[in-house]
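Heads up, data-v2.txt below (compact mmCIF, C-alpha atoms):
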```txt
# COMPACT_ATOMS: atom_id res chain seq x y z
CA MET Y 1 -67.96 -48.64 12.31
CA ASN Y 2 -66.63 -52.14 11.75
CA LYS Y 3 -69.19 -54.86 11.73
CA GLU Y 4 -66.67 -57.73 11.92
CA SER Y 5 -65.69 -59.21 15.21
CA ALA Y 6 -62.28 -58.00 16.37
CA PHE Y 7 -61.22 -61.65 16.46
CA SER Y 8 -62.12 -62.45 12.85
CA ALA Y 9 -59.67 -62.67 9.94
CA GLU Y 10 -61.70 -60.06 7.98
CA TYR Y 11 -61.25 -57.55 10.78
CA ASP Y 12 -57.45 -57.95 10.60
CA ILE Y 13 -57.41 -57.47 6.82
CA ASN Y 14 -59.71 -54.45 6.85
CA ASN Y 15 -58.02 -52.74 9.75
CA THR Y 16 -54.36 -53.46 9.10
CA THR Y 17 -52.12 -50.39 8.99
CA ASP Y 18 -48.99 -52.00 7.57
CA SER Y 19 -50.02 -52.33 3.92
CA LYS Y 20 -51.76 -48.98 3.55
CA SER Y 21 -51.10 -46.25 6.04
CA SER Y 22 -53.36 -43.27 6.63
CA ILE Y 23 -50.53 -41.02 5.38
CA GLN Y 24 -50.53 -42.80 2.02
CA GLU Y 25 -54.29 -42.43 1.74
CA LYS Y 26 -54.62 -38.81 2.71
CA GLY Y 27 -51.28 -37.35 1.68
CA SER Y 28 -48.97 -35.63 4.11
CA THR Y 29 -50.44 -33.55 6.91
CA PRO Y 30 -48.84 -30.69 8.87
CA LYS Y 31 -48.07 -33.24 11.60
CA ASP Y 32 -46.17 -35.42 9.11
CA LYS Y 33 -44.22 -32.38 7.97
CA GLU Y 34 -43.38 -31.59 11.57
CA ALA Y 35 -42.21 -35.17 12.11
CA ASN Y 36 -40.10 -35.08 8.94
CA ASP Y 37 -38.52 -31.79 9.99
CA PHE Y 38 -37.76 -33.30 13.37
CA ILE Y 39 -36.12 -36.33 11.75
CA LYS Y 40 -34.07 -34.03 9.49
CA LYS Y 41 -32.96 -32.03 12.53
CA ILE Y 42 -31.87 -35.20 14.33
CA GLU Y 43 -29.96 -36.28 11.23
CA SER Y 44 -28.22 -32.91 10.91
CA ASP Y 45 -27.40 -32.87 14.63
CA TYR Y 46 -25.96 -36.35 14.21
CA LYS Y 47 -23.70 -35.05 11.43
CA LEU Y 48 -22.78 -31.97 13.47
CA SER Y 49 -21.62 -34.20 16.28
CA LYS Y 50 -18.74 -35.32 14.06
CA PRO Y 51 -15.67 -33.23 13.23
CA ARG Y 52 -16.13 -31.33 9.98
CA ARG Y 53 -13.84 -29.41 7.65
CA ASN Y 54 -14.26 -25.76 6.68
CA THR Y 55 -12.16 -24.19 3.96
CA ILE Y 56 -12.18 -20.45 3.41
CA SER Y 57 -10.41 -18.35 0.78
CA ALA Y 58 -9.77 -14.64 0.78
CA ARG Y 59 -8.00 -12.26 -1.56
CA ILE Y 60 -5.12 -10.39 0.01
CA ILE Y 61 -5.33 -6.64 -0.48
CA PRO Y 62 -1.84 -5.12 -0.57
CA LYS Y 63 -1.42 -2.02 1.57
CA MET J 1 -18.17 -40.83 35.59
CA LYS J 2 -19.54 -39.02 38.63
CA GLU J 3 -17.11 -36.17 39.10
CA ILE J 4 -18.07 -33.36 36.76
CA ILE J 5 -17.78 -29.66 37.53
CA ILE J 6 -20.23 -27.32 35.79
CA ARG J 7 -18.92 -24.09 37.37
CA LYS J 8 -16.87 -22.06 34.93
CA ARG J 9 -13.56 -20.57 36.07
CA ALA J 10 -11.98 -17.52 34.49
CA ARG J 11 -8.87 -19.35 33.35
CA LEU J 12 -8.34 -22.44 31.23
CA SER J 13 -8.12 -25.56 33.37
CA GLN J 14 -6.97 -29.13 32.92
CA GLY J 15 -9.96 -31.36 32.18
CA ASP J 16 -12.07 -28.52 30.75
CA ILE J 17 -14.36 -29.60 27.92
CA TYR J 18 -15.18 -27.05 25.21
CA LYS J 19 -17.37 -27.32 22.15
CA ASP J 20 -16.67 -26.34 18.54
CA VAL J 21 -12.92 -25.91 18.79
CA GLU J 22 -11.11 -25.16 15.53
CA PHE J 23 -7.87 -26.73 14.41
CA ILE J 24 -6.06 -24.99 11.53
CA GLU J 25 -4.95 -27.69 9.10
CA TYR J 26 -3.09 -25.30 6.83
CA ALA J 27 -3.00 -21.72 5.58
CA ILE J 28 -1.45 -21.20 2.17
CA GLU J 29 -1.05 -18.14 0.00
CA LYS J 30 -1.00 -18.43 -3.76
CA ALA J 31 -1.28 -15.63 -6.30
CA GLY J 32 -2.68 -13.19 -3.78
CA VAL J 33 -5.32 -15.57 -2.47
CA ILE J 34 -5.01 -17.06 0.98
CA GLU J 35 -6.71 -20.37 1.68
CA ILE J 36 -7.31 -21.61 5.19
CA SER J 37 -8.52 -25.09 6.00
CA LYS J 38 -9.76 -25.87 9.46
CA ILE J 39 -11.36 -28.78 11.22
CA VAL J 40 -14.06 -27.99 13.75
CA PHE J 41 -14.14 -30.52 16.58
CA PRO J 42 -17.52 -30.76 18.34
CA PHE J 43 -15.87 -31.40 21.73
CA VAL J 44 -12.31 -31.35 23.07
CA VAL J 45 -10.78 -31.89 26.51
CA VAL J 46 -7.79 -29.91 27.83
CA LEU J 47 -4.80 -32.13 28.68
CA THR J 48 -2.18 -29.53 29.61
CA GLN J 49 -1.11 -29.67 33.27
CA ASP J 50 -3.20 -27.42 35.47
CA CYS J 51 -0.18 -25.82 37.18
CA ASP J 52 1.17 -24.77 33.76
CA LEU J 53 -2.21 -23.26 32.86
CA ASN J 54 -2.37 -21.47 36.20
CA GLN J 55 1.12 -19.97 35.82
CA ASP J 56 0.39 -18.99 32.23
CA TYR J 57 -2.78 -17.21 33.36
CA THR J 58 -0.85 -15.32 36.02
CA VAL J 59 1.76 -14.13 33.50
CA ARG J 60 -0.77 -13.16 30.82
CA TRP J 61 -3.78 -11.77 32.63
CA SER J 62 -3.19 -11.19 36.32
CA ARG J 63 -2.28 -7.68 37.41
CA LYS J 64 0.64 -8.88 39.47
CA ASP J 65 4.09 -7.51 38.74
CA ILE J 66 5.87 -10.22 36.79
CA SER J 67 9.57 -9.78 36.07
CA ASN J 68 9.65 -12.13 33.07
CA GLN J 69 7.53 -14.40 30.88
CA ASP J 70 9.31 -17.61 31.84
CA LYS J 71 6.07 -19.39 32.75
CA LYS J 72 4.15 -18.41 29.64
CA THR J 73 3.02 -21.31 27.46
CA ILE J 74 2.81 -21.26 23.67
CA SER J 75 -0.29 -23.42 23.27
CA VAL J 76 -2.67 -25.77 25.06
CA ILE J 77 -2.82 -29.52 24.43
CA VAL J 78 -6.30 -30.84 23.74
CA ALA J 79 -7.75 -34.12 22.47
CA PRO J 80 -11.07 -34.65 20.71
CA LEU J 81 -14.07 -36.46 22.13
CA TYR J 82 -16.01 -38.67 19.76
CA ASN J 83 -19.50 -40.11 20.14
CA VAL J 84 -18.94 -43.69 21.31
CA GLU J 85 -21.60 -45.02 18.91
CA HIS J 86 -19.72 -43.46 15.98
CA VAL J 87 -16.45 -44.92 17.25
CA TYR J 88 -17.89 -48.44 17.47
CA LYS J 89 -18.88 -48.19 13.81
CA GLY J 90 -15.59 -46.54 12.78
CA GLU J 91 -17.48 -43.63 11.27
CA HIS J 92 -16.62 -40.79 13.66
CA LEU J 93 -14.48 -39.05 11.01
CA SER J 94 -16.76 -39.75 8.07
CA GLU J 95 -17.38 -36.02 7.54
CA LEU J 96 -13.63 -35.66 6.93
CA GLY J 97 -13.70 -38.48 4.38
CA MET J 98 -11.95 -40.91 6.71
CA THR J 99 -12.97 -44.46 7.58
CA MET J 100 -11.69 -45.69 10.92
CA ALA J 101 -11.39 -49.23 12.28
CA GLU J 102 -14.59 -50.65 13.73
CA ILE J 103 -14.55 -51.84 17.31
CA LYS J 104 -16.11 -55.25 17.06
CA GLY J 105 -16.70 -57.98 19.57
CA LYS J 106 -17.47 -58.14 23.25
CA THR J 107 -13.84 -58.13 24.38
CA SER J 108 -12.86 -55.03 22.41
CA GLY J 109 -15.98 -53.21 23.62
CA ASN J 110 -15.35 -54.18 27.24
CA ASN J 111 -11.68 -53.18 27.01
CA LEU J 112 -12.75 -49.79 25.67
CA ARG J 113 -15.32 -49.22 28.42
CA GLN J 114 -12.88 -50.27 31.15
CA ASN J 115 -10.11 -48.05 29.73
CA GLN J 116 -7.89 -51.00 28.96
CA THR J 117 -7.10 -49.73 25.46
CA PRO J 118 -4.16 -47.28 25.75
CA ARG J 119 -5.28 -45.11 22.84
CA TYR J 120 -8.79 -44.38 24.10
CA HIS J 121 -10.44 -43.00 27.22
CA TYR J 122 -14.10 -43.76 27.84
CA LEU J 123 -16.22 -41.02 29.43
CA GLU J 124 -19.82 -41.09 30.62
CA PHE J 125 -21.55 -37.88 31.63
CA PRO J 126 -24.40 -37.15 34.02
CA LYS J 127 -27.77 -36.11 32.58
CA ASN J 128 -27.22 -32.39 33.22
CA VAL J 129 -24.25 -32.34 30.82
CA PRO J 130 -25.24 -32.18 27.13
CA ILE J 131 -22.69 -34.70 25.88
CA VAL J 132 -23.37 -38.30 24.98
CA THR J 133 -21.05 -41.05 26.17
CA SER J 134 -17.78 -40.32 24.43
CA ILE J 135 -14.30 -41.55 23.69
CA ILE J 136 -11.16 -39.41 23.92
CA ASP J 137 -8.77 -40.46 21.16
CA PHE J 138 -5.25 -39.68 22.39
CA LYS J 139 -3.78 -40.26 18.94
CA HIS J 140 -5.68 -37.22 17.63
CA TYR J 141 -4.34 -34.70 20.14
CA PHE J 142 -3.49 -31.24 18.87
CA THR J 143 -2.60 -27.86 20.25
CA VAL J 144 -4.59 -24.64 20.33
CA ASN J 145 -3.53 -21.06 20.80
CA VAL J 146 -3.97 -19.97 24.42
CA GLU J 147 -5.62 -16.61 23.72
CA TYR J 148 -8.00 -18.11 21.15
CA LEU J 149 -9.07 -20.79 23.62
CA LYS J 150 -9.51 -18.29 26.47
CA LYS J 151 -11.87 -16.18 24.33
CA HIS J 152 -13.58 -19.29 22.96
CA LYS J 153 -14.22 -20.59 26.47
CA LYS J 154 -16.66 -17.77 27.30
CA GLU J 155 -19.37 -19.13 25.01
CA ASN J 156 -18.30 -22.72 24.58
CA PHE J 157 -17.46 -24.12 28.00
CA ILE J 158 -19.41 -27.31 28.70
CA CYS J 159 -17.98 -28.71 31.93
CA GLN J 160 -14.79 -29.79 33.64
CA ILE J 161 -13.76 -33.32 34.53
CA GLY J 162 -13.31 -33.39 38.31
CA PRO J 163 -10.05 -33.80 40.27
CA LEU J 164 -8.41 -37.24 40.13
CA TYR J 165 -10.50 -38.19 37.07
CA ARG J 166 -8.87 -35.45 34.99
CA GLU J 167 -5.41 -36.42 36.31
CA ALA J 168 -6.20 -40.00 35.32
CA VAL J 169 -7.00 -38.82 31.77
CA SER J 170 -3.77 -36.82 31.51
CA GLN J 171 -1.70 -39.65 32.94
CA ARG J 172 -3.16 -42.13 30.48
CA PHE J 173 -2.43 -39.61 27.70
CA SER J 174 1.22 -39.25 28.73
CA ASN J 175 1.56 -43.03 29.03
CA TYR J 176 0.15 -43.39 25.54
CA LEU J 177 2.56 -40.77 24.16
CA SER J 178 5.58 -42.34 25.84
CA ARG J 179 4.91 -45.86 24.57
CA ILE J 180 7.75 -47.55 22.78
CA GLY J 181 6.97 -49.17 19.46
CA LEU J 182 9.03 -52.32 19.01
CA PRO J 183 9.69 -53.90 15.61
CA LYS J 184 6.82 -56.22 14.81
CA ASN J 185 8.69 -59.50 14.31
CA ASP J 186 11.41 -59.29 16.99
CA THR J 187 9.82 -61.36 19.74
CA ARG J 188 7.88 -63.74 17.52
CA GLN J 189 10.88 -64.76 15.41
CA GLN J 190 12.77 -65.82 18.52
CA GLY J 191 9.82 -67.86 19.80
CA ALA J 192 9.34 -65.70 22.87
CA THR J 193 5.95 -64.75 24.22
CA PRO J 194 4.84 -61.48 22.61
CA ASP J 195 4.73 -58.54 24.96
CA PRO J 196 1.03 -57.59 25.23
CA TYR J 197 1.94 -53.88 25.30
CA SER J 198 3.88 -53.97 22.04
CA ALA J 199 1.22 -56.26 20.58
CA ALA J 200 -1.28 -53.52 21.39
CA LEU J 201 0.90 -51.03 19.54
CA HIS J 202 1.08 -53.24 16.48
CA SER J 203 -2.64 -53.80 16.42
CA GLY J 204 -3.00 -50.11 15.56
CA ARG J 205 -4.42 -48.86 18.85
```
Would you mind writing the file out in structure tokens?
Amino acid sequence: MNKESAFSAEYDINNTTDSKSSIQEKGSTPKDKEANDFIKKIESDYKLSKPRRNTISARIIPK
Amino acid sequence: MKEIIIRKRARLSQGDIYKDVEFIEYAIEKAGVIEISKIVFPFVVVLTQDCDLNQDYTVRWSRKDISNQDKKTISVIVAPLYNVEHVYKGEHLSELGMTMAEIKGKTSGNNLRQNQTPRYHYLEFPKNVPIVTSIIDFKHYFTVNVEYLKKHKKENFICQIGPLYREAVSQRFSNYLSRIGLPKNDTRQQGATPDPYSAALHSGR
């Protein structure tokens, strides 16, 4: 429990989340993985929403 | 745009929007190997006249006695829809290795949204249609085989643009196709006021 007043400068420094996030401290959790997968899915959907090229090759078998 | 029809008809219709439509770029055969390159467009809209599609359907698939195939079409005209956010940034064809012109500035953006740019048609969809606000690019029209599209429609129909709105799209398309490109310097050399329509052509729209 924090002993500093929520209005003191020490409280801000000790409780800031910008410089050191809980993810950095503890490593990635299943929730982080889930979030990353979700971001990847959004990114791939974003790419899929653009026209894309497919090239296929096949050997012709003479009859 | 308010007028959207979700109900799927058996036949292809003007204003239909389908997903994942393939365009064959080329098919070449070399030393016994055939190579086919195709572009898959996430969304396309049908631009062919509805009466032509109706008559084609009657000739091909109705059980009526037809004396000839005079009304049969060879292919269907479609145009791609691009995500408007991609179009603004000029990156809608980035997956094909193409960089397009960005649409910058308030005036260009407003012209696009109010359908004042002959090349493009701006479309907004209601929430029950899974398509983001999009731009039809008339310059990128292509044709698709009728039978392929009919089969494709079964699993890939999204919606249809409603009456009047779809006619507006097709009319703007035909106006765009029938534009006359004038030589760039003709009017300016003679000191006359440039025709805004030909100026639009020269600006690459």
Fewer than 4 positions away in the same chain doesn't count, so skip those; otherwise give me all residues within 6 Å of range 155-171 of chain J, counting only C-alpha atoms, as a ChimeraX atom specification. /J:3-6,15-19,47
Can you work out the spacing between CA of Asp137 in chain J and CA of Tyr120 in chain J in Å, to one decimal? 4.9 Å
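All chain Y residues having an atom within 7 Å of chain J, based on all atoms listed in the file, amount to Y:Ser49, Y:Lys50, Y:Pro51, Y:Arg52, Y:Arg53, Y:Asn54, Y:Thr55, Y:Ile56, Y:Ser57, Y:Ala58, Y:Arg59, Y:Ile60.
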Do you have the CA of Phe125 in chain J-CA of Ala79 in chain J distance handy?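 Between these atoms lies a distance of 17.0 Å.
Coordinates place CA of Lys8 in chain J at a distance of 22.0 Å from CA of Lys72 in chain J.
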Quick one: residues within 10 Å of Asn54 in chain J, all atoms listed in the file, excluding same-chain residues fewer than 5 positions away - as a list in words?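 Selected residues are Arg11, Leu12, Ser13, Gln14, Gln49, Val59, Lys71 and Lys72 of chain J.
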Report as a ChimeraX atom specification all protein, DNA and RNA residues lying within 10 Å of Arg60 in chain J, evaluated on all atoms listed in the file, omitting residues in the same chain fewer than 5 positions from it. /J:55,66,69,71-73,146-147
